[in-house]
file data00.cif (mmCIF, C-alpha atoms)
data_entry
#
loop_
_atom_site.group_PDB
_atom_site.id
_atom_site.type_symbol
_atom_site.label_atom_id
_atom_site.label_comp_id
_atom_site.auth_asym_id
_atom_site.auth_seq_id
_atom_site.Cartn_x
_atom_site.Cartn_y
_atom_site.Cartn_z
ATOM 1 C CA MET I 20 0.000 0.000 0.000
ATOM 2 C CA ILE I 21 1.258 3.472 -0.907
ATOM 3 C CA PHE I 22 1.037 5.802 2.104
ATOM 4 C CA LEU I 23 2.415 9.012 0.605
ATOM 5 C CA GLU I 24 2.286 9.987 -3.035
ATOM 6 C CA THR I 25 3.106 13.136 -4.959
ATOM 7 C CA ARG I 26 1.826 13.532 -8.508
ATOM 8 C CA ASP I 27 3.453 15.908 -10.989
ATOM 9 C CA VAL I 28 4.344 18.475 -8.331
ATOM 10 C CA VAL I 29 5.615 21.760 -9.775
ATOM 11 C CA LYS I 30 7.081 24.646 -7.771
ATOM 12 C CA GLN I 31 8.482 27.791 -9.319
ATOM 13 C CA PHE I 32 10.323 30.538 -7.459
ATOM 14 C CA THR I 33 11.420 33.812 -9.044
ATOM 15 C CA GLY I 34 13.795 32.828 -11.808
ATOM 16 C CA HIS I 35 14.103 29.239 -10.588
ATOM 17 C CA LEU I 36 12.128 26.066 -11.269
ATOM 18 C CA ALA I 37 12.535 24.142 -7.992
ATOM 19 C CA LEU I 38 10.387 21.118 -8.880
ATOM 20 C CA ASN I 39 9.327 19.990 -12.331
ATOM 21 C CA LYS I 40 6.495 17.416 -12.327
ATOM 22 C CA VAL I 41 7.945 15.444 -9.420
ATOM 23 C CA SER I 42 6.141 12.197 -8.626
ATOM 24 C CA ILE I 43 7.153 9.844 -5.811
ATOM 25 C CA SER I 44 5.433 6.946 -4.027
ATOM 26 C CA ALA I 45 6.407 5.967 -0.474
ATOM 27 C CA PRO I 46 5.012 2.569 0.644
ATOM 28 C CA GLN I 47 3.457 2.234 4.079
ATOM 29 C CA GLY I 48 5.782 0.811 6.719
ATOM 30 C CA LYS I 49 8.909 1.324 4.593
ATOM 31 C CA ILE I 50 11.902 3.663 4.659
ATOM 32 C CA PHE I 51 11.947 5.794 1.518
ATOM 33 C CA GLY I 52 15.214 7.513 0.639
ATOM 34 C CA LEU I 53 14.816 10.977 -0.875
ATOM 35 C CA LEU I 54 18.180 11.654 -2.492
ATOM 36 C CA GLY I 55 19.849 14.318 -4.572
ATOM 37 C CA PRO I 56 22.637 16.889 -4.642
ATOM 38 C CA ASN I 57 22.325 20.243 -2.907
ATOM 39 C CA GLY I 58 19.812 22.468 -4.660
ATOM 40 C CA ALA I 59 18.076 19.593 -6.431
ATOM 41 C CA GLY I 60 14.665 20.344 -4.901
ATOM 42 C CA LYS I 61 14.449 17.837 -2.022
ATOM 43 C CA THR I 62 13.812 20.403 0.725
ATOM 44 C CA THR I 63 11.180 22.165 -1.368
ATOM 45 C CA LEU I 64 9.346 18.852 -1.832
ATOM 46 C CA ILE I 65 9.570 18.109 1.887
ATOM 47 C CA ARG I 66 8.146 21.553 2.713
ATOM 48 C CA ILE I 67 5.243 20.917 0.337
ATOM 49 C CA ILE I 68 4.517 17.531 1.932
ATOM 50 C CA ASN I 69 4.522 19.282 5.319
ATOM 51 C CA ARG I 70 2.137 21.973 3.991
ATOM 52 C CA ILE I 71 4.687 24.662 4.872
ATOM 53 C CA THR I 72 4.355 25.836 1.284
ATOM 54 C CA ALA I 73 1.997 24.905 -1.530
ATOM 55 C CA PRO I 74 2.784 23.542 -4.992
ATOM 56 C CA ASP I 75 2.015 25.627 -8.058
ATOM 57 C CA SER I 76 0.436 22.516 -9.537
ATOM 58 C CA GLY I 77 0.267 18.808 -8.831
ATOM 59 C CA GLU I 78 -1.059 16.851 -5.874
ATOM 60 C CA VAL I 79 0.045 15.374 -2.554
ATOM 61 C CA LEU I 80 -1.934 12.343 -1.406
ATOM 62 C CA ILE I 81 -1.892 10.557 1.939
ATOM 63 C CA GLU I 82 -3.420 7.086 1.913
ATOM 64 C CA GLY I 83 -4.921 7.862 -1.482
ATOM 65 C CA LYS I 84 -6.656 11.084 -0.429
ATOM 66 C CA LEU I 85 -5.641 14.657 -1.163
ATOM 67 C CA SER I 86 -3.595 16.115 1.694
ATOM 68 C CA GLN I 87 -5.655 18.149 4.168
ATOM 69 C CA PRO I 88 -4.580 20.758 6.779
ATOM 70 C CA SER I 89 -5.323 18.258 9.561
ATOM 71 C CA ASP I 90 -2.720 15.869 8.116
ATOM 72 C CA ILE I 91 0.074 17.911 9.691
ATOM 73 C CA TYR I 92 -0.775 16.178 12.981
ATOM 74 C CA ARG I 93 0.028 12.847 11.326
ATOM 75 C CA ILE I 94 3.514 14.026 10.303
ATOM 76 C CA GLY I 95 6.735 14.307 12.286
ATOM 77 C CA TYR I 96 9.436 16.410 10.620
ATOM 78 C CA LEU I 97 13.081 16.697 11.656
ATOM 79 C CA PRO I 98 14.600 19.401 9.406
ATOM 80 C CA GLU I 99 18.270 19.542 8.462
ATOM 81 C CA GLU I 100 18.525 23.041 9.915
ATOM 82 C CA ARG I 101 17.843 22.386 13.602
ATOM 83 C CA GLY I 102 16.509 25.067 15.894
ATOM 84 C CA LEU I 103 15.574 25.221 19.593
ATOM 85 C CA TYR I 104 15.049 28.269 21.783
ATOM 86 C CA LYS I 105 18.405 28.545 23.544
ATOM 87 C CA LYS I 106 17.168 30.298 26.702
ATOM 88 C CA MET I 107 14.207 27.999 27.407
ATOM 89 C CA LYS I 108 14.456 24.980 29.674
ATOM 90 C CA THR I 109 14.715 21.789 27.666
ATOM 91 C CA GLY I 110 11.740 19.935 29.109
ATOM 92 C CA GLU I 111 9.488 22.985 29.076
ATOM 93 C CA GLN I 112 10.287 23.610 25.429
ATOM 94 C CA ALA I 113 9.765 19.967 24.470
ATOM 95 C CA VAL I 114 6.310 19.988 26.092
ATOM 96 C CA TYR I 115 5.436 23.201 24.239
ATOM 97 C CA LEU I 116 6.494 21.755 20.874
ATOM 98 C CA ALA I 117 4.599 18.515 21.544
ATOM 99 C CA GLN I 118 1.460 20.540 22.280
ATOM 100 C CA LEU I 119 1.772 22.175 18.860
ATOM 101 C CA LYS I 120 1.365 18.671 17.431
ATOM 102 C CA GLY I 121 -1.903 18.142 19.287
ATOM 103 C CA LEU I 122 -0.891 16.558 22.611
ATOM 104 C CA LYS I 123 -2.302 17.768 25.929
ATOM 105 C CA ALA I 124 0.358 19.103 28.314
ATOM 106 C CA GLY I 125 0.090 16.196 30.773
ATOM 107 C CA GLU I 126 0.227 13.505 28.095
ATOM 108 C CA ALA I 127 3.090 15.317 26.344
ATOM 109 C CA LYS I 128 5.128 15.439 29.537
ATOM 110 C CA ARG I 129 4.499 11.764 30.294
ATOM 111 C CA ARG I 130 5.597 10.630 26.837
ATOM 112 C CA LEU I 131 8.566 12.995 26.722
ATOM 113 C CA MET I 132 9.906 11.817 30.069
ATOM 114 C CA GLN I 133 9.798 8.220 28.806
ATOM 115 C CA TRP I 134 11.833 9.222 25.767
ATOM 116 C CA PHE I 135 14.271 11.302 27.837
ATOM 117 C CA GLU I 136 14.875 8.283 30.075
ATOM 118 C CA LYS I 137 15.341 6.059 27.027
ATOM 119 C CA PHE I 138 17.921 8.442 25.566
ATOM 120 C CA ASP I 139 19.607 8.926 28.965
ATOM 121 C CA ILE I 140 19.114 12.711 28.998
ATOM 122 C CA MET I 141 16.636 13.017 31.885
ATOM 123 C CA ASN I 142 19.213 14.971 33.919
ATOM 124 C CA TRP I 143 18.933 17.782 31.366
ATOM 125 C CA TRP I 144 15.162 18.238 31.608
ATOM 126 C CA ASN I 145 15.438 21.434 33.667
ATOM 127 C CA LYS I 146 18.604 22.747 31.977
ATOM 128 C CA LYS I 147 18.504 25.508 29.394
ATOM 129 C CA VAL I 148 19.007 24.369 25.825
ATOM 130 C CA GLU I 149 22.191 26.416 25.526
ATOM 131 C CA GLU I 150 23.745 24.210 28.231
ATOM 132 C CA LEU I 151 23.297 21.078 26.119
ATOM 133 C CA SER I 152 25.867 19.788 23.661
ATOM 134 C CA LYS I 153 24.945 19.764 19.986
ATOM 135 C CA GLY I 154 24.393 16.011 20.124
ATOM 136 C CA MET I 155 22.043 16.296 23.112
ATOM 137 C CA GLN I 156 20.075 19.052 21.396
ATOM 138 C CA GLN I 157 19.663 16.844 18.372
ATOM 139 C CA LYS I 158 18.420 14.003 20.564
ATOM 140 C CA VAL I 159 15.810 16.364 21.987
ATOM 141 C CA GLN I 160 14.698 17.370 18.500
ATOM 142 C CA PHE I 161 14.447 13.746 17.416
ATOM 143 C CA ILE I 162 12.270 13.043 20.454
ATOM 144 C CA VAL I 163 10.029 16.039 19.716
ATOM 145 C CA THR I 164 9.672 14.778 16.133
ATOM 146 C CA VAL I 165 8.347 11.351 17.154
ATOM 147 C CA VAL I 166 6.608 12.001 20.501
ATOM 148 C CA HIS I 167 3.103 12.543 19.053
ATOM 149 C CA ASN I 168 3.293 9.099 17.394
ATOM 150 C CA PRO I 169 2.878 10.287 13.783
ATOM 151 C CA ASP I 170 2.126 7.938 10.880
ATOM 152 C CA LEU I 171 4.621 9.675 8.572
ATOM 153 C CA LEU I 172 8.111 10.657 9.707
ATOM 154 C CA ILE I 173 10.431 12.849 7.646
ATOM 155 C CA PHE I 174 14.095 12.876 8.675
ATOM 156 C CA ASP I 175 16.394 15.304 6.839
ATOM 157 C CA GLU I 176 20.060 14.382 7.543
ATOM 158 C CA PRO I 177 19.152 12.884 10.971
ATOM 159 C CA PHE I 178 22.696 11.667 11.713
ATOM 160 C CA SER I 179 24.425 14.974 11.009
ATOM 161 C CA GLY I 180 26.799 15.878 13.851
ATOM 162 C CA PHE I 181 26.388 12.587 15.732
ATOM 163 C CA ASP I 182 29.248 10.391 16.872
ATOM 164 C CA PRO I 183 29.136 6.694 15.830
ATOM 165 C CA VAL I 184 27.518 5.563 19.103
ATOM 166 C CA ASN I 185 24.634 8.030 18.892
ATOM 167 C CA THR I 186 24.305 7.492 15.144
ATOM 168 C CA GLU I 187 23.719 3.797 15.837
ATOM 169 C CA LEU I 188 21.228 4.680 18.592
ATOM 170 C CA LEU I 189 19.168 6.841 16.226
ATOM 171 C CA LYS I 190 19.457 4.316 13.420
ATOM 172 C CA GLN I 191 17.985 1.597 15.631
ATOM 173 C CA GLU I 192 15.163 3.890 16.730
ATOM 174 C CA ILE I 193 14.334 4.645 13.086
ATOM 175 C CA LEU I 194 14.284 0.916 12.317
ATOM 176 C CA ASN I 195 12.058 0.359 15.377
ATOM 177 C CA LEU I 196 9.631 2.962 14.041
ATOM 178 C CA LYS I 197 9.567 1.119 10.724
ATOM 179 C CA GLU I 198 8.774 -2.126 12.569
ATOM 180 C CA GLN I 199 5.832 -0.314 14.192
ATOM 181 C CA GLY I 200 4.436 0.344 10.707
ATOM 182 C CA LYS I 201 5.507 3.975 10.362
ATOM 183 C CA THR I 202 6.246 5.357 6.908
ATOM 184 C CA ILE I 203 9.595 7.137 6.854
ATOM 185 C CA ILE I 204 11.077 9.634 4.414
ATOM 186 C CA PHE I 205 14.845 9.624 4.867
ATOM 187 C CA SER I 206 16.816 12.396 3.177
ATOM 188 C CA THR I 207 20.600 12.172 3.324
ATOM 189 C CA HIS I 208 23.852 12.508 1.409
ATOM 190 C CA ASN I 209 25.276 9.459 3.179
ATOM 191 C CA MET I 210 24.825 6.690 0.628
ATOM 192 C CA ALA I 211 26.106 4.018 3.034
ATOM 193 C CA SER I 212 23.121 4.766 5.284
ATOM 194 C CA VAL I 213 20.824 4.501 2.272
ATOM 195 C CA GLU I 214 22.103 1.007 1.481
ATOM 196 C CA GLU I 215 21.805 0.006 5.123
ATOM 197 C CA ILE I 216 18.277 1.115 5.982
ATOM 198 C CA CYS I 217 16.296 2.269 2.928
ATOM 199 C CA ASP I 218 13.823 0.048 1.077
ATOM 200 C CA GLU I 219 12.987 2.385 -1.815
ATOM 201 C CA ILE I 220 14.590 5.559 -3.177
ATOM 202 C CA ALA I 221 13.925 8.477 -5.466
ATOM 203 C CA LEU I 222 16.826 10.543 -6.752
ATOM 204 C CA ILE I 223 16.058 14.153 -7.657
ATOM 205 C CA ASN I 224 18.480 16.088 -9.831
ATOM 206 C CA LYS I 225 17.924 19.518 -11.368
ATOM 207 C CA SER I 226 14.316 19.612 -10.125
ATOM 208 C CA GLU I 227 13.290 16.259 -11.619
ATOM 209 C CA VAL I 228 13.137 12.631 -10.492
ATOM 210 C CA VAL I 229 15.860 10.926 -12.506
ATOM 211 C CA LEU I 230 15.920 7.544 -10.769
ATOM 212 C CA SER I 231 13.592 5.589 -8.480
ATOM 213 C CA GLY I 232 12.892 2.076 -7.271
ATOM 214 C CA ASN I 233 13.860 -0.597 -4.794
ATOM 215 C CA VAL I 234 17.447 -0.130 -3.532
ATOM 216 C CA SER I 235 18.611 -3.628 -4.531
ATOM 217 C CA GLU I 236 16.923 -3.348 -7.916
ATOM 218 C CA VAL I 237 18.473 0.072 -8.554
ATOM 219 C CA ARG I 238 21.947 -1.241 -7.778
ATOM 220 C CA SER I 239 21.376 -4.241 -10.055
ATOM 221 C CA ARG I 240 20.246 -1.913 -12.828
ATOM 222 C CA PHE I 241 23.724 -0.357 -12.812
ATOM 223 C CA ARG I 242 25.696 -3.613 -12.639
ATOM 224 C CA SER I 243 28.977 -3.381 -14.514
ATOM 225 C CA GLY I 244 29.886 -7.046 -14.944
ATOM 226 C CA THR I 245 32.521 -6.974 -12.205
ATOM 227 C CA TYR I 246 33.068 -10.162 -10.184
ATOM 228 C CA ASN I 247 35.280 -11.269 -7.319
ATOM 229 C CA ILE I 248 36.874 -14.680 -7.811
ATOM 230 C CA GLY I 249 38.755 -16.755 -5.243
ATOM 231 C CA ILE I 250 41.046 -19.513 -6.586
ATOM 232 C CA LEU I 251 43.754 -21.775 -5.148
ATOM 233 C CA ASP I 252 46.615 -20.633 -7.376
ATOM 234 C CA GLU I 253 48.226 -17.237 -7.765
ATOM 235 C CA ASN I 254 47.887 -16.761 -11.517
ATOM 236 C CA LEU I 255 44.650 -16.006 -13.329
ATOM 237 C CA THR I 256 45.202 -15.393 -17.025
ATOM 238 C CA ASP I 257 43.026 -13.056 -19.063
ATOM 239 C CA ILE I 258 40.626 -14.789 -21.439
ATOM 240 C CA PRO I 259 39.476 -11.777 -23.478
ATOM 241 C CA ASP I 260 36.522 -13.600 -25.053
ATOM 242 C CA TYR I 261 35.146 -14.235 -21.555
ATOM 243 C CA TYR I 262 36.713 -11.808 -19.080
ATOM 244 C CA THR I 263 39.662 -9.556 -18.289
ATOM 245 C CA VAL I 264 41.488 -9.333 -14.974
ATOM 246 C CA ILE I 265 41.154 -5.943 -13.255
ATOM 247 C CA SER I 266 43.233 -6.548 -10.131
ATOM 248 C CA ASN I 267 44.372 -9.172 -7.645
ATOM 249 C CA SER I 268 45.155 -9.369 -3.950
ATOM 250 C CA PRO I 269 47.602 -11.519 -1.962
ATOM 251 C CA SER I 270 46.755 -14.950 -0.692
ATOM 252 C CA GLN I 271 44.664 -15.343 2.439
ATOM 253 C CA ASN I 272 44.821 -18.892 3.802
ATOM 254 C CA GLY I 273 45.912 -20.134 0.404
ATOM 255 C CA VAL I 274 43.108 -18.384 -1.507
ATOM 256 C CA TYR I 275 44.042 -15.792 -4.139
ATOM 257 C CA ASN I 276 41.422 -13.153 -4.889
ATOM 258 C CA PHE I 277 40.900 -11.523 -8.284
ATOM 259 C CA ARG I 278 38.539 -8.877 -9.631
ATOM 260 C CA ILE I 279 37.493 -9.514 -13.190
ATOM 261 C CA ASN I 280 35.235 -7.833 -15.727
ATOM 262 C CA LYS I 281 32.951 -10.212 -17.607
ATOM 263 C CA GLN I 282 32.050 -9.717 -21.249
ATOM 264 C CA PRO I 283 28.343 -8.705 -21.479
ATOM 265 C CA SER I 284 27.512 -11.533 -23.886
ATOM 266 C CA VAL I 285 28.867 -14.217 -21.519
ATOM 267 C CA GLY I 286 26.526 -15.830 -18.975
ATOM 268 C CA ASN I 287 27.619 -16.684 -15.441
ATOM 269 C CA SER I 288 27.509 -20.432 -16.040
ATOM 270 C CA GLU I 289 29.607 -20.057 -19.173
ATOM 271 C CA LEU I 290 32.080 -17.874 -17.269
ATOM 272 C CA LEU I 291 32.405 -20.412 -14.469
ATOM 273 C CA ARG I 292 33.002 -23.237 -16.949
ATOM 274 C CA ALA I 293 35.803 -21.230 -18.572
ATOM 275 C CA LEU I 294 37.402 -20.508 -15.202
ATOM 276 C CA ALA I 295 37.022 -24.079 -13.949
ATOM 277 C CA GLN I 296 39.007 -25.488 -16.867
ATOM 278 C CA ASN I 297 42.251 -24.228 -15.303
ATOM 279 C CA HIS I 298 41.466 -23.266 -11.705
ATOM 280 C CA GLU I 299 39.943 -24.582 -8.490
ATOM 281 C CA ILE I 300 37.273 -21.980 -7.676
ATOM 282 C CA VAL I 301 36.429 -21.410 -4.026
ATOM 283 C CA ALA I 302 34.549 -18.103 -4.255
ATOM 284 C CA PHE I 303 32.509 -16.343 -6.927
ATOM 285 C CA THR I 304 30.474 -13.197 -6.214
ATOM 286 C CA GLU I 305 29.171 -10.340 -8.306
ATOM 287 C CA GLU I 306 30.301 -6.869 -7.227
ATOM 288 C CA LEU I 307 27.275 -4.614 -7.466
ATOM 289 C CA PRO I 308 27.871 -0.862 -7.571
ATOM 290 C CA SER I 309 27.339 0.972 -4.292
ATOM 291 C CA MET I 310 24.598 3.569 -4.007
ATOM 292 C CA ASN I 311 27.395 6.135 -3.923
ATOM 293 C CA ASP I 312 28.597 4.863 -7.319
ATOM 294 C CA VAL I 313 25.039 5.005 -8.670
ATOM 295 C CA PHE I 314 24.519 8.512 -7.293
ATOM 296 C CA LEU I 315 27.715 9.820 -8.888
ATOM 297 C CA LYS I 316 26.985 8.175 -12.227
ATOM 298 C CA VAL I 317 23.440 9.511 -12.471
ATOM 299 C CA VAL I 318 24.123 13.018 -11.171
ATOM 300 C CA SER I 319 27.294 13.573 -13.157
#
call {"tool": "encode", "arguments": {"input": "data00.cif", "output": "C-alpha cells"}}
result
Amino acid sequence: MIFLETRDVVKQFTGHLALNKVSISAPQGKIFGLLGPNGAGKTTLIRIINRITAPDSGEVLIEGKLSQPSDIYRIGYLPEERGLYKKMKTGEQAVYLAQLKGLKAGEAKRRLMQWFEKFDIMNWWNKKVEELSKGMQQKVQFIVTVVHNPDLLIFDEPFSGFDPVNTELLKQEILNLKEQGKTIIFSTHNMASVEEICDEIALINKSEVVLSGNVSEVRSRFRSGTYNIGILDENLTDIPDYYTVISNSPSQNGVYNFRINKQPSVGNSELLRALAQNHEIVAFTEELPSMNDVFLKVVS
C-alpha cells in the first residue's frame, strides 16, 4: 500500500524552477530515501509535503486522499537546519512543541519523560538548551519529532553531527519505528546509510526525479559485470573472449582473490566453466555498484 504519493508536483520561485512534475510513491511501513545533490529540490518537496508551502500545480496524497490541513498532525518532521530556543528549559520547550502537534500538556510530559529516560538525557530536563551539547540538542529534537506518534516521519540528515555511538542509537530507533508500521522519508547525502536502511529511493536532480525504485533493484540496474573470484593458485590469465582481470590481492589462507570484468555476452555459467578449466574456484560473487557509485553516475 502506498502511504504518501506526490503527482506531478511543480514549484516555481522567481527565476528558478525548484520542482518539475515530481512524482514519488512511499510505501506504508517502509523507509523511503529521498536523495539528490544540494539544490536539487528535495527540501522544497519536503516543505510541500509538510504543507509549509503549496505547490504551483500537482497533488500530494496521503493514503490515497488529497492532503488536508489536519494531516500535519500525522507528520513528524526533523529538518536539516535544527533550531531550539536557547534560553528555554529543555523539558518545558519539548512539552510546548509537543502541544503544537496536538498533545495535551500532561500527556506530552508523560511521553517525553519516557523518551528522555530512554535516551539517557533526563538529567537535562530542567537545563537551558544552551547548556546542552549539539548532540544532546539533536536528541531532543528527534524526540520532539516522534513524541506525538505520527504515521509519517520525515528525517532530513538525521545523523548529522552525531558520533558513531549516537548514530547507531538513532538508526535503531528509526528501524524500530519502521517495525511499528511507520512510513519514513529519509533524506541524506550518506549513501552508506541509504544502502543500510532504505527500502525504496527516489533521486532528484535539477528539479526532476531521474531515478527511483527498490534499492537492490536500482543497484542491479547499474551492474557493470565486475566479479570477485577466489582460486587456489596465484595466476589467473586473461581470457578476453570471456573476461579480463582488473586486479588481484595476496593470498589469504591459500586463496588468491581476483577482480574480473565479464564480457556482457557471456553468462555466469559459461564464465564459471571457462574458469574451472584451469582453476579450483572457491569463491565467486558479483560486485554490485554501491549507491554512492550510482549517485555519482546519475548526477554527473
call {"tool": "atom_distance", "arguments": {"input": "data00.cif", "atom1": "atom CA of I:Ala124", "atom2": "atom CA of I:Val163"}}
result
13.3 Å
call {"tool": "atom_distance", "arguments": {"input": "data00.cif", "atom1": "atom CA of I:Asp182", "atom2": "atom CA of I:Lys137"}}
result
17.8 Å
call {"tool": "closest_residue", "arguments": {"input": "data00.cif", "among": "I:Val184, I:Val264, I:Leu151, I:Ile220", "to": "I:Tyr104", "atoms": "all atoms listed in the file"}}
result
I:Leu151
call {"tool": "closest_residue", "arguments": {"input": "data00.cif", "among": "I:Ile248, I:Ile50, I:Val285, I:Val159", "to": "I:Phe135", "atoms": "all atoms listed in the file"}}
result
I:Val159
call {"tool": "atom_distance", "arguments": {"input": "data00.cif", "atom1": "atom CA of I:Arg70", "atom2": "atom CA of I:Asp90"}}
result
8.8 Å
call {"tool": "resolve_selection", "arguments": {"input": "data00.cif", "expression": "the PyMOL selection byres ((chain I and resi 97) around 12)", "output": "NGL selection string"}}
result
:I and (62 or 65-66 or 69 or 94-96 or 98-103 or 157-166 or 171-179 or 203-206)
call {"tool": "resolve_selection", "arguments": {"input": "data00.cif", "expression": "the PyMOL selection byres ((chain I and resi 267) around 6)", "output": "list of chain:residue names"}}
result
I:Ser266, I:Ser268, I:Asn276, I:Phe277
